[in-house]
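Participant: Structure: model_0.txt, compact mmCIF, C-alpha atoms.
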# COMPACT_ATOMS: atom_id res chain seq x y z
CA MET H 18 -9.19 -0.85 -46.55
CA MET H 19 -10.57 -3.96 -44.89
CA LYS H 20 -10.26 -7.08 -47.00
CA PRO H 21 -13.39 -9.07 -47.77
CA HIS H 22 -12.12 -12.15 -45.95
CA GLN H 23 -11.18 -10.02 -42.94
CA ALA H 24 -14.67 -8.59 -42.78
CA MET H 25 -16.04 -12.13 -42.83
CA LEU H 26 -13.31 -14.20 -41.22
CA GLY H 27 -15.75 -16.99 -40.53
CA SER H 28 -16.31 -17.47 -44.25
CA ALA H 29 -12.60 -17.67 -44.90
CA VAL H 30 -12.14 -20.24 -42.20
CA VAL H 31 -14.95 -22.40 -43.49
CA ALA H 32 -13.00 -23.26 -46.64
CA SER H 33 -11.91 -26.86 -46.45
CA ALA H 34 -8.49 -27.41 -44.96
CA LEU H 35 -5.88 -28.90 -47.27
CA LEU H 36 -4.78 -32.31 -46.12
CA LEU H 37 -1.68 -32.19 -43.99
CA GLY H 38 -0.72 -35.79 -44.45
CA GLY H 39 -1.91 -38.78 -42.52
CA CYS H 40 -0.05 -38.03 -39.35
CA GLN H 41 -1.19 -34.58 -38.80
CA PRO H 42 -1.74 -32.84 -36.60
CA GLY H 43 1.03 -33.70 -34.09
CA ASP H 44 2.84 -36.42 -35.96
CA ASP H 45 5.95 -37.28 -33.97
CA ASP H 46 8.98 -38.06 -36.10
CA THR H 47 10.55 -40.38 -33.57
CA ASP H 48 9.65 -43.93 -32.67
CA TYR H 49 7.91 -43.47 -29.37
CA ASP H 50 8.17 -45.97 -26.55
CA ALA H 51 4.97 -47.99 -26.68
CA VAL H 52 4.85 -48.42 -22.90
CA GLY H 53 5.50 -44.72 -22.36
CA GLN H 54 2.71 -43.81 -24.75
CA GLU H 55 0.28 -46.09 -22.95
CA GLU H 56 1.20 -44.62 -19.58
CA LYS H 57 0.84 -41.04 -20.84
CA THR H 58 -2.44 -41.63 -22.66
CA ALA H 59 -5.72 -40.97 -20.89
CA GLU H 60 -8.02 -43.62 -19.59
CA ALA H 61 -11.27 -43.72 -21.55
CA GLY H 62 -13.60 -44.07 -18.60
CA SER H 63 -15.21 -40.65 -18.21
CA GLU H 64 -18.55 -39.88 -19.81
CA GLY H 65 -19.23 -37.07 -22.25
CA LYS H 66 -21.10 -33.97 -21.18
CA ASP H 67 -24.39 -34.98 -19.52
CA GLY H 68 -23.65 -38.55 -20.60
CA GLU H 69 -24.65 -37.84 -24.19
CA LYS H 70 -23.14 -39.53 -27.21
CA SER H 71 -23.37 -36.49 -29.44
CA GLY H 72 -24.24 -32.82 -29.35
CA ASP H 73 -27.41 -33.22 -31.43
CA GLY H 74 -29.68 -32.90 -28.41
CA HIS H 75 -28.72 -29.25 -27.87
CA ALA H 76 -28.33 -28.31 -31.53
CA GLN H 77 -29.50 -24.96 -32.83
CA GLU H 78 -29.70 -23.92 -36.44
CA VAL H 79 -27.25 -21.09 -37.17
CA ALA H 80 -26.65 -18.70 -40.04
CA GLY H 81 -23.80 -20.37 -41.91
CA SER H 82 -21.03 -22.71 -40.88
CA GLN H 83 -19.46 -22.18 -37.45
CA PRO H 84 -15.82 -23.31 -37.63
CA ARG H 85 -14.17 -24.37 -34.39
CA LEU H 86 -10.68 -25.10 -33.16
CA VAL H 87 -9.93 -28.01 -30.86
CA THR H 88 -6.76 -28.04 -28.77
CA THR H 89 -5.36 -30.17 -25.97
CA TYR H 90 -3.69 -29.09 -22.76
CA ASP H 91 -2.33 -30.95 -19.76
CA GLY H 92 -5.58 -32.28 -18.34
CA GLY H 93 -8.16 -31.65 -21.01
CA ILE H 94 -9.46 -30.52 -24.38
CA MET H 95 -10.55 -26.97 -25.20
CA THR H 96 -12.89 -26.06 -28.04
CA LEU H 97 -12.62 -22.51 -29.41
CA ASP H 98 -14.63 -20.40 -31.79
CA ALA H 99 -12.33 -20.26 -34.84
CA THR H 100 -13.37 -16.67 -35.61
CA THR H 101 -13.26 -15.02 -32.19
CA LEU H 102 -10.95 -17.51 -30.39
CA GLU H 103 -13.36 -17.52 -27.45
CA VAL H 104 -13.45 -20.73 -25.40
CA ILE H 105 -16.68 -22.60 -26.09
CA ASP H 106 -16.00 -25.69 -24.01
CA ASP H 107 -13.39 -27.15 -21.66
CA THR H 108 -13.56 -30.94 -21.41
CA LYS H 109 -11.48 -32.45 -18.62
CA LEU H 110 -9.49 -35.53 -19.59
CA ASP H 111 -6.39 -36.63 -17.73
CA GLY H 112 -3.22 -37.73 -19.50
CA PHE H 113 -1.45 -36.88 -22.73
CA ASN H 114 -4.15 -36.63 -25.39
CA ARG H 115 -3.73 -36.66 -29.17
CA LEU H 116 -6.23 -35.30 -31.68
CA ASN H 117 -6.99 -36.22 -35.28
CA PRO H 118 -9.89 -34.96 -37.43
CA VAL H 119 -11.86 -37.75 -39.11
CA GLY H 120 -12.52 -35.63 -42.22
CA ASP H 121 -16.23 -34.84 -41.86
CA ASP H 122 -15.67 -31.26 -40.56
CA ARG H 123 -17.32 -32.22 -37.27
CA HIS H 124 -15.70 -35.14 -35.43
CA LEU H 125 -12.21 -35.94 -34.17
CA MET H 126 -10.51 -38.96 -32.68
CA VAL H 127 -8.86 -38.69 -29.28
CA SER H 128 -6.17 -41.30 -28.67
CA VAL H 129 -6.87 -42.92 -25.29
CA ALA H 130 -5.54 -45.99 -23.50
CA ASP H 131 -7.92 -48.49 -25.07
CA GLY H 132 -8.35 -47.04 -28.54
CA PHE H 133 -9.68 -44.08 -30.49
CA ARG H 134 -12.41 -42.14 -28.68
CA LEU H 135 -14.82 -40.06 -30.74
CA PHE H 136 -15.07 -36.34 -29.99
CA ASP H 137 -18.00 -34.36 -31.41
CA ALA H 138 -16.94 -30.73 -31.93
CA GLY H 139 -20.61 -29.78 -32.14
CA VAL H 140 -20.88 -28.08 -35.55
CA TRP H 141 -22.07 -29.46 -38.86
CA THR H 142 -23.83 -28.63 -42.12
CA GLN H 143 -26.54 -30.72 -43.77
CA PRO H 144 -27.79 -30.47 -47.37
CA HIS H 145 -31.46 -29.67 -47.87
CA GLY H 146 -32.58 -29.53 -51.48
CA ASP H 147 -30.52 -26.92 -53.31
CA HIS H 148 -29.21 -25.32 -50.11
CA THR H 149 -27.79 -26.33 -46.73
CA HIS H 150 -28.60 -25.93 -43.06
CA SER H 151 -25.88 -25.31 -40.45
CA TYR H 152 -26.09 -26.35 -36.81
CA ALA H 153 -24.16 -25.74 -33.61
CA ALA H 154 -24.25 -27.61 -30.30
CA ASP H 155 -22.12 -28.21 -27.24
CA PRO H 156 -18.94 -30.17 -27.94
CA VAL H 157 -19.04 -33.67 -26.45
CA LEU H 158 -16.41 -36.28 -25.67
CA THR H 159 -18.59 -39.25 -26.55
CA ASP H 160 -18.45 -42.70 -24.97
CA THR H 161 -17.80 -44.28 -28.38
CA VAL H 162 -14.37 -45.95 -28.43
CA PHE H 163 -12.95 -47.91 -31.36
CA ASP H 164 -10.77 -50.46 -29.61
CA THR H 165 -7.14 -50.93 -30.52
CA GLU H 166 -3.76 -51.26 -28.83
CA LEU H 167 -1.66 -48.09 -28.93
CA PRO H 168 -3.79 -45.92 -31.23
CA GLY H 169 -1.61 -44.28 -33.87
CA HIS H 170 -2.30 -42.53 -37.14
CA VAL H 171 -5.66 -41.43 -38.52
CA VAL H 172 -5.80 -40.85 -42.29
CA THR H 173 -8.67 -39.31 -44.26
CA HIS H 174 -8.65 -39.67 -48.03
CA GLY H 175 -11.23 -39.86 -50.80
CA GLY H 176 -14.26 -40.25 -48.54
CA SER H 177 -12.70 -42.85 -46.24
CA THR H 178 -11.14 -42.61 -42.80
CA VAL H 179 -8.64 -45.20 -41.58
CA LEU H 180 -7.41 -45.79 -38.02
CA PHE H 181 -4.15 -47.67 -37.39
CA GLY H 182 -3.33 -49.40 -34.11
CA ASP H 183 0.41 -49.63 -33.53
CA GLY H 184 0.19 -52.28 -30.82
CA ASP H 185 -1.91 -54.81 -32.73
CA GLY H 186 -1.65 -53.73 -36.38
CA LYS H 187 -5.42 -53.29 -36.46
CA ILE H 188 -6.69 -51.29 -39.45
CA GLN H 189 -10.22 -49.87 -39.08
CA THR H 190 -11.81 -48.27 -42.15
CA PHE H 191 -14.94 -46.10 -42.21
CA ASP H 192 -16.97 -44.07 -44.66
CA THR H 193 -16.05 -40.55 -43.54
CA ASP H 194 -19.64 -39.28 -43.66
CA ASP H 195 -20.92 -41.97 -41.26
CA PHE H 196 -19.45 -40.83 -37.95
CA ALA H 197 -22.60 -39.05 -36.80
CA ASP H 198 -24.22 -42.50 -36.61
CA ALA H 199 -21.44 -44.32 -34.65
CA PRO H 200 -20.48 -46.55 -37.59
CA LYS H 201 -19.06 -50.05 -37.52
CA PRO H 202 -15.60 -50.24 -39.09
CA GLU H 203 -14.32 -52.63 -41.70
CA VAL H 204 -11.48 -54.35 -39.84
CA THR H 205 -8.30 -55.83 -41.28
CA GLU H 206 -4.77 -56.20 -39.92
CA ALA H 207 -1.22 -55.44 -40.96
CA ASP H 208 1.11 -58.43 -41.23
CA GLU H 209 2.75 -57.50 -37.91
CA PRO H 210 2.14 -54.74 -35.36
CA HIS H 211 4.34 -51.68 -35.84
CA HIS H 212 4.23 -47.87 -35.73
CA GLY H 213 2.46 -47.59 -39.07
CA VAL H 214 -0.17 -45.98 -41.23
CA ALA H 215 -2.85 -47.08 -43.71
CA VAL H 216 -4.78 -45.35 -46.51
CA ARG H 217 -7.95 -46.46 -48.32
CA LEU H 218 -7.61 -45.63 -52.03
CA ASP H 219 -10.37 -44.67 -54.44
CA ASP H 220 -10.52 -48.12 -56.05
CA GLY H 221 -11.17 -49.78 -52.69
CA SER H 222 -7.64 -51.05 -52.20
CA THR H 223 -5.67 -50.29 -49.05
CA LEU H 224 -2.07 -49.12 -48.78
CA HIS H 225 -0.36 -49.80 -45.48
CA THR H 226 3.16 -49.80 -44.13
CA VAL H 227 5.05 -53.00 -43.33
CA GLY H 228 7.41 -53.65 -40.47
CA THR H 229 7.79 -54.99 -36.97
CA GLU H 230 7.99 -53.50 -33.51
CA ASP H 231 11.75 -53.11 -34.05
CA GLU H 232 12.07 -52.17 -37.72
CA ARG H 233 9.96 -50.71 -40.54
CA SER H 234 10.92 -51.35 -44.13
CA GLY H 235 8.30 -50.29 -46.65
CA ALA H 236 4.68 -50.64 -47.71
CA LYS H 237 2.25 -52.70 -49.71
CA VAL H 238 -1.15 -52.37 -51.34
CA VAL H 239 -3.88 -55.01 -51.14
CA ASP H 240 -7.22 -55.09 -52.94
CA LYS H 241 -10.59 -55.36 -51.20
CA ASP H 242 -10.18 -59.15 -51.00
CA GLY H 243 -6.75 -58.92 -49.41
CA LYS H 244 -4.82 -59.86 -52.55
CA GLU H 245 -1.49 -58.06 -52.88
CA ILE H 246 -1.27 -55.53 -55.74
CA ALA H 247 2.13 -53.96 -55.06
CA HIS H 248 4.91 -54.24 -52.49
CA SER H 249 8.09 -52.31 -51.71
CA GLU H 250 10.82 -52.88 -49.13
CA ASP H 251 12.73 -49.81 -50.31
CA CYS H 252 11.73 -47.43 -47.53
CA PRO H 253 13.74 -47.96 -44.33
CA GLY H 254 12.15 -46.39 -41.27
CA VAL H 255 8.95 -45.65 -43.19
CA HIS H 256 6.94 -42.95 -41.43
CA GLY H 257 4.22 -40.49 -42.32
CA GLU H 258 1.87 -40.24 -45.27
CA ALA H 259 0.62 -37.53 -47.60
CA ALA H 260 -1.63 -37.57 -50.64
CA ALA H 261 -0.78 -35.52 -53.72
CA LYS H 262 -2.46 -34.84 -57.05
CA ASP H 263 -3.70 -37.81 -59.12
CA GLU H 264 -3.92 -39.91 -55.94
CA THR H 265 -0.20 -40.20 -55.49
CA ILE H 266 0.59 -41.40 -51.98
CA ALA H 267 3.93 -40.33 -50.51
CA LEU H 268 5.63 -42.13 -47.61
CA GLY H 269 8.67 -40.81 -45.77
CA CYS H 270 11.87 -42.90 -45.58
CA GLU H 271 15.28 -42.56 -43.93
CA ASP H 272 16.82 -42.12 -47.40
CA GLY H 273 14.17 -40.22 -49.34
CA ILE H 274 10.52 -40.73 -50.16
CA LEU H 275 8.45 -43.62 -51.51
CA LEU H 276 5.65 -42.85 -53.98
CA TYR H 277 2.68 -45.03 -54.93
CA LYS H 278 0.77 -44.23 -58.10
CA ASP H 279 -1.04 -46.18 -60.82
CA GLY H 280 -0.48 -49.52 -59.17
CA LYS H 281 3.25 -49.34 -58.51
CA PHE H 282 5.84 -47.95 -56.09
CA ASP H 283 8.70 -45.64 -57.09
CA LYS H 284 11.50 -44.36 -54.90
CA VAL H 285 12.82 -40.79 -54.86
CA ASP H 286 16.28 -40.80 -53.28
CA ALA H 287 17.46 -38.17 -50.83
CA PRO H 288 20.64 -36.24 -51.76
CA ASP H 289 22.28 -37.59 -48.57
CA ASP H 290 22.91 -41.22 -47.60
CA TYR H 291 20.80 -40.54 -44.53
CA GLY H 292 18.15 -38.01 -45.43
CA ARG H 293 15.12 -38.75 -43.26
CA ILE H 294 11.65 -37.57 -44.12
CA GLY H 295 9.18 -38.47 -41.39
CA ASN H 296 6.46 -35.81 -41.58
CA GLN H 297 4.75 -34.47 -44.67
CA ALA H 298 2.07 -32.01 -45.73
CA GLY H 299 0.26 -32.73 -48.98
CA SER H 300 -2.69 -31.55 -51.03
CA ASP H 301 -4.95 -33.48 -53.40
CA ASP H 302 -4.66 -30.53 -55.80
CA SER H 303 -0.87 -30.26 -55.82
CA ARG H 304 1.82 -32.48 -57.34
CA TYR H 305 4.24 -31.31 -54.62
CA VAL H 306 4.68 -32.69 -51.11
CA LEU H 307 6.29 -30.67 -48.33
CA GLY H 308 8.34 -32.68 -45.84
CA ASP H 309 10.84 -32.33 -43.06
CA TYR H 310 14.48 -33.37 -43.63
CA LYS H 311 17.00 -34.72 -41.11
CA VAL H 312 20.58 -35.87 -41.71
CA ASP H 313 21.93 -36.86 -38.27
CA LYS H 314 21.05 -40.50 -37.63
CA ASP H 315 22.52 -40.49 -34.12
CA ALA H 316 21.01 -37.26 -32.82
CA GLU H 317 18.80 -37.47 -29.73
CA LEU H 318 16.87 -34.59 -31.25
CA GLU H 319 18.01 -33.02 -34.48
CA ARG H 320 16.80 -29.48 -35.06
CA PRO H 321 16.93 -29.27 -38.87
CA GLU H 322 16.93 -26.04 -40.85
CA LYS H 323 16.01 -27.52 -44.22
CA VAL H 324 12.74 -28.91 -45.52
CA SER H 325 12.13 -31.13 -48.53
CA VAL H 326 9.86 -30.48 -51.50
CA THR H 327 9.10 -33.55 -53.61
CA ASP H 328 7.69 -33.28 -57.13
CA THR H 329 5.58 -36.43 -57.31
CA LYS H 330 5.12 -36.13 -61.07
CA ASP H 331 8.79 -35.78 -62.04
CA GLY H 332 10.11 -37.83 -59.12
CA THR H 333 12.55 -35.15 -57.95
CA LEU H 334 13.38 -33.92 -54.45
CA SER H 335 14.60 -30.41 -53.60
CA LEU H 336 15.81 -28.95 -50.31
CA VAL H 337 14.91 -25.50 -49.01
CA ASP H 338 17.16 -23.80 -46.44
CA LEU H 339 15.04 -21.90 -43.92
CA GLY H 340 17.77 -20.40 -41.77
CA ALA H 341 15.96 -21.59 -38.63
CA SER H 342 14.73 -24.91 -37.29
CA TYR H 343 11.17 -26.17 -36.83
CA SER H 344 9.28 -29.11 -35.30
CA PHE H 345 7.00 -31.89 -36.50
CA ARG H 346 4.02 -29.61 -35.76
CA SER H 347 5.34 -26.87 -38.04
CA LEU H 348 4.30 -27.99 -41.54
CA GLY H 349 1.23 -26.84 -43.45
CA ARG H 350 -0.18 -26.02 -46.88
CA GLY H 351 -1.92 -22.81 -47.90
CA PRO H 352 -5.01 -22.26 -50.08
CA GLU H 353 -2.90 -22.04 -53.27
CA GLY H 354 -0.82 -25.09 -52.36
CA GLU H 355 2.05 -23.02 -50.97
CA GLY H 356 4.21 -24.63 -48.31
CA ILE H 357 4.06 -23.09 -44.84
CA VAL H 358 6.56 -23.72 -42.06
CA LEU H 359 6.46 -22.29 -38.53
CA THR H 360 10.14 -21.82 -37.69
CA THR H 361 11.76 -21.36 -34.28
CA ASP H 362 12.46 -17.69 -34.94
CA GLY H 363 8.69 -17.22 -34.60
CA THR H 364 8.10 -16.80 -38.34
CA LEU H 365 5.68 -18.31 -40.81
CA THR H 366 7.93 -19.08 -43.78
CA ILE H 367 6.07 -19.33 -47.11
CA ILE H 368 7.51 -21.60 -49.82
CA ASP H 369 6.67 -21.77 -53.51
CA PRO H 370 6.75 -25.56 -54.09
CA GLU H 371 7.31 -25.29 -57.84
CA SER H 372 10.52 -23.28 -57.48
CA ALA H 373 11.35 -24.67 -54.01
CA GLU H 374 12.13 -21.14 -52.83
CA VAL H 375 11.06 -19.01 -49.88
CA THR H 376 8.72 -16.26 -51.07
CA ASP H 377 7.57 -14.59 -47.84
CA GLU H 378 8.33 -14.52 -44.14
CA TYR H 379 5.68 -13.43 -41.64
CA PRO H 380 6.76 -12.79 -38.02
CA VAL H 381 4.11 -14.00 -35.58
CA ILE H 382 5.53 -15.01 -32.17
CA ASP H 383 8.77 -14.80 -30.18
CA LYS H 384 11.67 -17.17 -30.72
CA TRP H 385 11.21 -20.65 -29.29
CA LYS H 386 13.09 -23.93 -28.94
CA GLU H 387 11.78 -27.41 -29.64
CA PRO H 388 11.71 -29.53 -26.46
CA VAL H 389 13.52 -32.86 -26.48
CA GLU H 390 10.41 -34.85 -25.46
CA TRP H 391 7.97 -34.95 -28.36
CA GLN H 392 4.98 -35.01 -26.01
CA LYS H 393 5.90 -31.59 -24.59
CA ALA H 394 4.01 -28.54 -25.81
CA ARG H 395 5.56 -26.32 -28.45
CA PRO H 396 4.21 -23.69 -30.88
CA THR H 397 1.97 -25.39 -33.41
CA LEU H 398 0.65 -24.50 -36.86
CA PHE H 399 -2.83 -25.32 -38.13
CA VAL H 400 -4.04 -24.06 -41.52
CA GLN H 401 -7.69 -23.80 -42.54
CA GLY H 402 -8.81 -21.98 -45.63
CA GLU H 403 -7.07 -18.62 -46.09
CA VAL H 404 -5.80 -18.31 -42.53
CA ALA H 405 -3.22 -19.93 -40.29
CA TYR H 406 -3.59 -20.51 -36.57
CA VAL H 407 -0.39 -20.34 -34.51
CA SER H 408 -0.33 -21.36 -30.86
CA ASP H 409 2.20 -20.05 -28.35
CA PRO H 410 2.02 -22.24 -25.23
CA ALA H 411 4.74 -20.26 -23.43
CA LYS H 412 2.36 -17.28 -23.39
CA GLN H 413 -0.87 -19.33 -23.34
CA SER H 414 -1.94 -17.55 -26.50
CA ILE H 415 -3.15 -18.23 -30.02
CA HIS H 416 -3.08 -16.08 -33.16
CA ILE H 417 -4.95 -15.92 -36.47
CA VAL H 418 -2.73 -14.98 -39.42
CA ASP H 419 -3.87 -13.80 -42.84
CA LEU H 420 -1.93 -15.94 -45.31
CA ASP H 421 -2.28 -13.31 -48.02
CA ASP H 422 -0.04 -10.76 -46.32
CA GLY H 423 0.94 -12.15 -42.90
CA GLU H 424 -1.19 -9.76 -40.88
CA VAL H 425 -2.04 -11.05 -37.41
CA MET H 426 -5.81 -10.62 -37.55
CA ALA H 427 -6.63 -11.68 -34.01
CA SER H 428 -4.89 -12.91 -30.85
CA LYS H 429 -6.21 -14.37 -27.62
CA LYS H 430 -4.80 -15.38 -24.26
CA LEU H 431 -6.17 -18.77 -23.21
CA PRO H 432 -6.79 -20.27 -19.76
CA HIS H 433 -4.37 -23.15 -20.48
CA ALA H 434 -1.09 -23.65 -22.34
CA THR H 435 -2.07 -25.57 -25.46
CA ASN H 436 -0.34 -28.60 -26.94
CA GLU H 437 -2.00 -30.14 -30.01
CA LEU H 438 -4.11 -27.93 -32.28
CA THR H 439 -6.56 -28.77 -35.04
CA GLY H 440 -10.06 -27.78 -36.12
CA VAL H 441 -13.28 -28.46 -37.99
CA ALA H 442 -15.01 -26.32 -40.61
CA GLY H 443 -18.53 -27.06 -39.35
Rewrite the coordinates I just gave you, this time as structure tokens.

Facilitator:
Amino acid sequence: MMKPHQAMLGSAVVASALLLGGCQPGDDDTDYDAVGQEEKTAEAGSEGKDGEKSGDGHAQEVAGSQPRLVTTYDGGIMTLDATTLEVIDDTKLDGFNRLNPVGDDRHLMVSVADGFRLFDAGVWTQPHGDHTHSYAADPVLTDTVFDTELPGHVVTHGGSTVLFGDGDGKIQTFDTDDFADAPKPEVTEADEPHHGVAVRLDDGSTLHTVGTEDERSGAKVVDKDGKEIAHSEDCPGVHGEAAAKDETIALGCEDGILLYKDGKFDKVDAPDDYGRIGNQAGSDDSRYVLGDYKVDKDAELERPEKVSVTDTKDGTLSLVDLGASYSFRSLGRGPEGEGIVLTTDGTLTIIDPESAEVTDEYPVIDKWKEPVEWQKARPTLFVQGEVAYVSDPAKQSIHIVDLDDGEVMASKKLPHATNELTGVAG
């Protein structure tokens, strides 16, 4: 018997994606070479389609939300129908391009040489009285660029979106719902430039990492006037961010995880002297944070087989042995808060965060191996609603997986081998 959400896959996909942490998607867990990043990143000189700044000019009202996927490849950005996997648009853009949703279910940021460039995925929903209207238009790489040096992390939380520039420490904060109008950011700066991240909290304060170009050590929180509320230097190599229940913010460290809640920082130690957590997947509705876990400080590329699960309420950290490795683009959260990891044996491994145990394993693609260079394409996981999307660049394909039972609901061969993968609900 066909399941209701299979019969209407579009409806399942429309459900809001659980936050995957500030670095996702495509959060590298190594300190990239700033010069290398600048050389690999695209120049922001080309115009959007027909020179437009948004897709509104070609918008048509549609029956319900139209979710879309957005993925990069070597030389451009493809936009796909999230239900059929058909290619809607192919935007040419030279260089290594990174994607981050801004949180409004329509726009994304593309990291380019001179900052964050706004991409309009071309679908959105507007309230009208006691109901809503949905629209679809051509995707557009707009000519709106928010200047910064070495664009880094984009974090959406509580109605705000924050951009962090690694090369200048520039922190740009927006109201998430304002991107359709090319908003002006509130601009502040970190103490010193570094590969960092910032989060706007519900009370108007801002949490951001602290460090230098050579070393990162912790984080601090400042109020709307710039006055320091809390500070911690107990997070060597701080990297990555995830929000958990009760607005607990988790930051990865080389020896565990740093939590911020109710105006103070608390440290959760790793079971190893060097137990590095650099990438995390969180959910505003869950007290648990899923993270990677590495123990070899000197490895050029460690291929770990354990992940971490941190209980942000009790302040405990558990390790889960997967029996296979994974990459920084392998972590996700399901609709019930379950942890999801795409492992190199081609499996979606499902984890119950409360028990920190594997509950299901769903085979999806062939075995694969993480490349040494983090910019290189590798299979990637993106979760939205009740389904997971798994890319397979070696076969230029993408798959939709039912998270209820692991059934591969649809597959499609694409014209390009994909690298980064994300999406918008429309």

Participant: Which one of H:Val179, H:Ile357, H:Val239, H:Met95 sits closest to H:Leu158 if you count all atoms listed in the file?

Facilitator: H:Met95

Participant: Quick check, in Å to one decimal: how far apart do atom CA of H:Asp240 and atom CA of H:Asp192 lie?

Facilitator: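 Distance between the two atoms: 16.9 Å.
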
Participant: Ranking H:Asp279, H:Glu355, H:Asp183, H:Asp198 by minimum distance to H:Gly213 and counting all atoms listed in the file, which one comes first?

Facilitator: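 Ranked by minimum distance to H:Gly213, first place goes to H:Asp183.
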
Participant: Please, what distance in Å, to one decimal, runs between atom CA of H:Leu116 and atom CA of H:Leu86?

Facilitator: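 Taking atom CA of H:Leu116 and atom CA of H:Leu86, their separation equals 11.2 Å.
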
Participant: Taking only C-alpha atoms into account, which of H:Tyr291, H:Phe181, H:Tyr379, H:Phe113 comes nearest H:Thr435?

Facilitator: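 Nearest candidate to H:Thr435 out of H:Tyr291, H:Phe181, H:Tyr379, H:Phe113: H:Phe113.
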
Participant: To one decimal place in Å, what is the distance between atom CA of H:His225 and atom CA of H:Asn117?

Facilitator: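 Calculated distance between atom CA of H:His225 and atom CA of H:Asn117 is 18.2 Å.
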
Participant: So that I can see what lies close to H:Lys109, please list as a list of chain:residue names the residues with an atom at most 7 Å from it, counting only C-alpha atoms and leaving out residues fewer than 4 positions away in the same chain.

Facilitator: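 The contact residues come out as H:Gly92, H:Gly93, H:Ile94.
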
Participant: I want to know what sits within 7 Å of H:Arg115, based on only C-alpha atoms, with residues of the same chain fewer than 5 positions away left out; could you give that as a list in words?

Facilitator: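 What passes the distance filter is Val127, Ser128 and Glu437 of chain H.
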